[in-house]
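Single-structure report; data block below.
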Amino acid sequence: MRAKYDAANTTLDNVKHWSRADGLSAASANSPEVRKTLRNRSRYEVANNSYARGITLTLANDVVGTGPRLQMLTGDDAANRFVESEFAAWCEAVDLPEKLRTMRLARVSDGEAFALLTNNDAVDARVKLDLRLIEADQVASPTLAFETQRYLDGIRFDADGNPISYDVLKHHPGDDFFAVQEEFDTVPAAAVLHYFRSDRPGQIRGIPDITPALPLAIPGCR
């Protein structure tokens, strides 16, 4: 006997609905061009749709709250209090809660967020570590760069699929003065925080969380 699935049958009722279903890989389905379109449309809706804006802000505030708090549980109470106090001072010095909220907001409209771990002498704390946030647009393969399975969308991978480095454009492609896309820095993966949701095996870049709701914003599609 051959198995039958109603969802696998093509009928006059469903042929139009599923006409755009495809078998693309995660990387092909989320190509740079597709992600750029989704980012631009998502950013537009979050900036102009009051419902989308309110939901997005509420989500970011609920996820981050007042920010992370470190709790040490070693046998030395004095050392525990010292480390916890220093961590709290560092969080305040770099404004960590606000940066985490920005990253969560970016995942909604951009699909991902990047933070570069840098040494900032201006940080008013014993630890000078800081997070420099960059938009997804700046992590990209420079023009004319040859892409392979181990180098996609500005990210280099080893044979096991682990990120090795990220190519970060020195200027945002959307800047008015942006001209030469080949100018970029290669940053070791250990110095990059890449925050996104991987919904499929092999997916290396994120798509906006708000993507499925975008058609609802189009007049006539509600």
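Here, A, B, ... name the chains of the structure tokens in the order displayed, residue numbers run from 1 inside each chain, and ligands are numbered from 1 in the same displayed order.
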
Worksheet entry | strand (DSSP E) call set, DSSP backbone run, range 129-213 of chain A, as a list in words |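 These are the residues in question: Leu129, Asp130, Leu131, Arg132, Leu133, Ile134, Tyr151, Leu152, Ile155, Arg156, Phe157, Pro163, Ile164, Ser165, Tyr166, Asp167, Val168, Leu169, Phe184, Asp185, Thr186, Val187, Pro188, Val192, Leu193, His194, Tyr195 and Phe196 of chain A.
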
Just-selected residues, N, CA, C and O atoms written as a JSON list (two decimals), in the first residue's frame:
```
[["chain", "number", "residue", "atom", "x", "y", "z"],
["A", 129, "LEU", "N", 36.37, 46.08, 28.66],
["A", 129, "LEU", "CA", 35.64, 45.39, 27.60],
["A", 129, "LEU", "C", 34.36, 46.15, 27.27],
["A", 129, "LEU", "O", 33.66, 46.62, 28.15],
["A", 130, "ASP", "N", 34.05, 46.25, 25.98],
["A", 130, "ASP", "CA", 32.84, 46.93, 25.55],
["A", 130, "ASP", "C", 32.23, 46.19, 24.36],
["A", 130, "ASP", "O", 32.90, 45.36, 23.72],
["A", 131, "LEU", "N", 30.96, 46.47, 24.09],
["A", 131, "LEU", "CA", 30.25, 45.89, 22.96],
["A", 131, "LEU", "C", 29.95, 46.99, 21.95],
["A", 131, "LEU", "O", 29.29, 47.98, 22.30],
["A", 132, "ARG", "N", 30.44, 46.84, 20.73],
["A", 132, "ARG", "CA", 30.13, 47.79, 19.67],
["A", 132, "ARG", "C", 29.14, 47.15, 18.72],
["A", 132, "ARG", "O", 29.46, 46.18, 18.02],
["A", 133, "LEU", "N", 27.92, 47.67, 18.71],
["A", 133, "LEU", "CA", 26.86, 47.08, 17.90],
["A", 133, "LEU", "C", 26.98, 47.53, 16.45],
["A", 133, "LEU", "O", 27.27, 48.69, 16.17],
["A", 134, "ILE", "N", 26.74, 46.59, 15.54],
["A", 134, "ILE", "CA", 26.72, 46.91, 14.11],
["A", 134, "ILE", "C", 25.49, 46.25, 13.49],
["A", 134, "ILE", "O", 25.01, 45.23, 13.98],
["A", 151, "TYR", "N", 32.62, 29.99, 2.82],
["A", 151, "TYR", "CA", 32.62, 31.44, 2.92],
["A", 151, "TYR", "C", 31.31, 31.96, 2.35],
["A", 151, "TYR", "O", 31.13, 32.03, 1.13],
["A", 152, "LEU", "N", 30.38, 32.30, 3.23],
["A", 152, "LEU", "CA", 29.05, 32.74, 2.81],
["A", 152, "LEU", "C", 28.65, 33.99, 3.59],
["A", 152, "LEU", "O", 28.83, 34.06, 4.80],
["A", 155, "ILE", "N", 30.92, 35.44, 6.20],
["A", 155, "ILE", "CA", 31.36, 34.58, 7.31],
["A", 155, "ILE", "C", 32.18, 33.42, 6.77],
["A", 155, "ILE", "O", 31.75, 32.72, 5.85],
["A", 156, "ARG", "N", 33.36, 33.22, 7.35],
["A", 156, "ARG", "CA", 34.20, 32.08, 6.98],
["A", 156, "ARG", "C", 34.03, 30.97, 8.00],
["A", 156, "ARG", "O", 33.96, 31.22, 9.20],
["A", 157, "PHE", "N", 33.97, 29.73, 7.49],
["A", 157, "PHE", "CA", 33.75, 28.57, 8.34],
["A", 157, "PHE", "C", 34.89, 27.57, 8.19],
["A", 157, "PHE", "O", 35.55, 27.52, 7.14],
["A", 163, "PRO", "N", 32.16, 29.04, 12.72],
["A", 163, "PRO", "CA", 32.62, 30.34, 12.19],
["A", 163, "PRO", "C", 34.08, 30.60, 12.58],
["A", 163, "PRO", "O", 34.47, 30.37, 13.72],
["A", 164, "ILE", "N", 34.86, 31.07, 11.63],
["A", 164, "ILE", "CA", 36.26, 31.43, 11.88],
["A", 164, "ILE", "C", 36.42, 32.94, 11.98],
["A", 164, "ILE", "O", 37.11, 33.45, 12.87],
["A", 165, "SER", "N", 35.79, 33.65, 11.06],
["A", 165, "SER", "CA", 35.92, 35.11, 11.04],
["A", 165, "SER", "C", 34.72, 35.73, 10.33],
["A", 165, "SER", "O", 33.98, 35.05, 9.62],
["A", 166, "TYR", "N", 34.57, 37.03, 10.55],
["A", 166, "TYR", "CA", 33.48, 37.79, 9.94],
["A", 166, "TYR", "C", 34.08, 38.98, 9.20],
["A", 166, "TYR", "O", 34.95, 39.68, 9.73],
["A", 167, "ASP", "N", 33.61, 39.23, 7.99],
["A", 167, "ASP", "CA", 34.01, 40.41, 7.24],
["A", 167, "ASP", "C", 33.02, 41.53, 7.52],
["A", 167, "ASP", "O", 31.81, 41.40, 7.24],
["A", 168, "VAL", "N", 33.51, 42.62, 8.08],
["A", 168, "VAL", "CA", 32.65, 43.74, 8.48],
["A", 168, "VAL", "C", 33.01, 44.97, 7.64],
["A", 168, "VAL", "O", 34.14, 45.46, 7.68],
["A", 169, "LEU", "N", 32.04, 45.46, 6.86],
["A", 169, "LEU", "CA", 32.27, 46.64, 6.04],
["A", 169, "LEU", "C", 32.57, 47.84, 6.95],
["A", 169, "LEU", "O", 31.93, 48.02, 7.99],
["A", 184, "PHE", "N", 36.83, 46.76, 4.17],
["A", 184, "PHE", "CA", 36.24, 45.98, 5.24],
["A", 184, "PHE", "C", 37.33, 45.52, 6.20],
["A", 184, "PHE", "O", 38.52, 45.55, 5.89],
["A", 185, "ASP", "N", 36.91, 45.10, 7.39],
["A", 185, "ASP", "CA", 37.80, 44.51, 8.38],
["A", 185, "ASP", "C", 37.41, 43.05, 8.59],
["A", 185, "ASP", "O", 36.22, 42.72, 8.59],
["A", 186, "THR", "N", 38.38, 42.19, 8.75],
["A", 186, "THR", "CA", 38.12, 40.79, 9.07],
["A", 186, "THR", "C", 38.30, 40.61, 10.57],
["A", 186, "THR", "O", 39.38, 40.81, 11.10],
["A", 187, "VAL", "N", 37.21, 40.24, 11.24],
["A", 187, "VAL", "CA", 37.20, 40.14, 12.70],
["A", 187, "VAL", "C", 37.13, 38.67, 13.10],
["A", 187, "VAL", "O", 36.30, 37.93, 12.59],
["A", 188, "PRO", "N", 38.01, 38.22, 13.99],
["A", 188, "PRO", "CA", 37.96, 36.82, 14.45],
["A", 188, "PRO", "C", 36.61, 36.49, 15.07],
["A", 188, "PRO", "O", 35.99, 37.34, 15.73],
["A", 192, "VAL", "N", 33.20, 38.25, 18.05],
["A", 192, "VAL", "CA", 31.91, 38.63, 17.46],
["A", 192, "VAL", "C", 30.77, 37.87, 18.15],
["A", 192, "VAL", "O", 30.84, 36.65, 18.32],
["A", 193, "LEU", "N", 29.75, 38.60, 18.55],
["A", 193, "LEU", "CA", 28.52, 37.99, 19.05],
["A", 193, "LEU", "C", 27.48, 38.09, 17.95],
["A", 193, "LEU", "O", 27.12, 39.19, 17.51],
["A", 194, "HIS", "N", 27.01, 36.94, 17.46],
["A", 194, "HIS", "CA", 26.02, 36.90, 16.39],
["A", 194, "HIS", "C", 24.72, 36.34, 16.97],
["A", 194, "HIS", "O", 24.63, 35.16, 17.29],
["A", 195, "TYR", "N", 23.74, 37.22, 17.11],
["A", 195, "TYR", "CA", 22.48, 36.86, 17.75],
["A", 195, "TYR", "C", 21.39, 36.70, 16.70],
["A", 195, "TYR", "O", 20.98, 37.66, 16.06],
["A", 196, "PHE", "N", 20.94, 35.46, 16.49],
["A", 196, "PHE", "CA", 19.86, 35.19, 15.55],
["A", 196, "PHE", "C", 19.24, 33.84, 15.88],
["A", 196, "PHE", "O", 19.78, 33.06, 16.66]]
```

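Near range 20-36 of chain A, within 9 Å and counting only C-alpha atoms, sit Asp110, Gly111, Asp137, Ala140, Leu152, Asp153, Asp199, Arg200, Pro201, Gly202, Gln203, Ile204, Arg205, Gly206, Ile207 and Pro208 of chain A; same-chain residues fewer than 6 positions away were not included.
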
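Residues surrounding Thr102 in chain A within 10 Å are Leu57, Ala60, Asn61, Val64, Leu96, Ala113 and Leu133 of chain A [only C-alpha atoms; sequence separation below 6 positions excluded].
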
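Across A:Thr58, A:Asn120, A:Ser50, A:Asn162, the tightest approach to Ala189 in chain A is made by A:Asn162 when counting only C-alpha atoms.
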
Discussion item. Could you check the closest approach to Lys128 in chain A for each of A:Ala191, A:Leu100, A:Leu116, A:Ala93 and tell me which residue wins, using only C-alpha atoms?
Written reply: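 For Lys128 in chain A, the nearest of the given residues is A:Ala93.
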
Practice prompt. List every residue of range 6-100 of chain A that DSSP, applied to the backbone of this structure, places in helix (DSSP H, G or I), and write the result as a PyMOL selection string.
Written response: chain A and resi 6-8+26-29+32-48+50-64+77-94+96-100

Worksheet item: What lies within 7 Å of range 81-90 of chain A using only C-alpha atoms, ignoring chain neighbours under 5 positions off, as a PyMOL selection string?
Response: chain A and resi 70-72+125+127

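Going from CA of Val94 in chain A to CA of Leu59 in chain A covers 22.0 Å.
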
Worksheet item: Using only C-alpha atoms, which of the listed residues (A:Thr211, A:Asn9, A:Gln138, A:Thr143) sits closest to Asp175 in chain A?
Response: A:Gln138
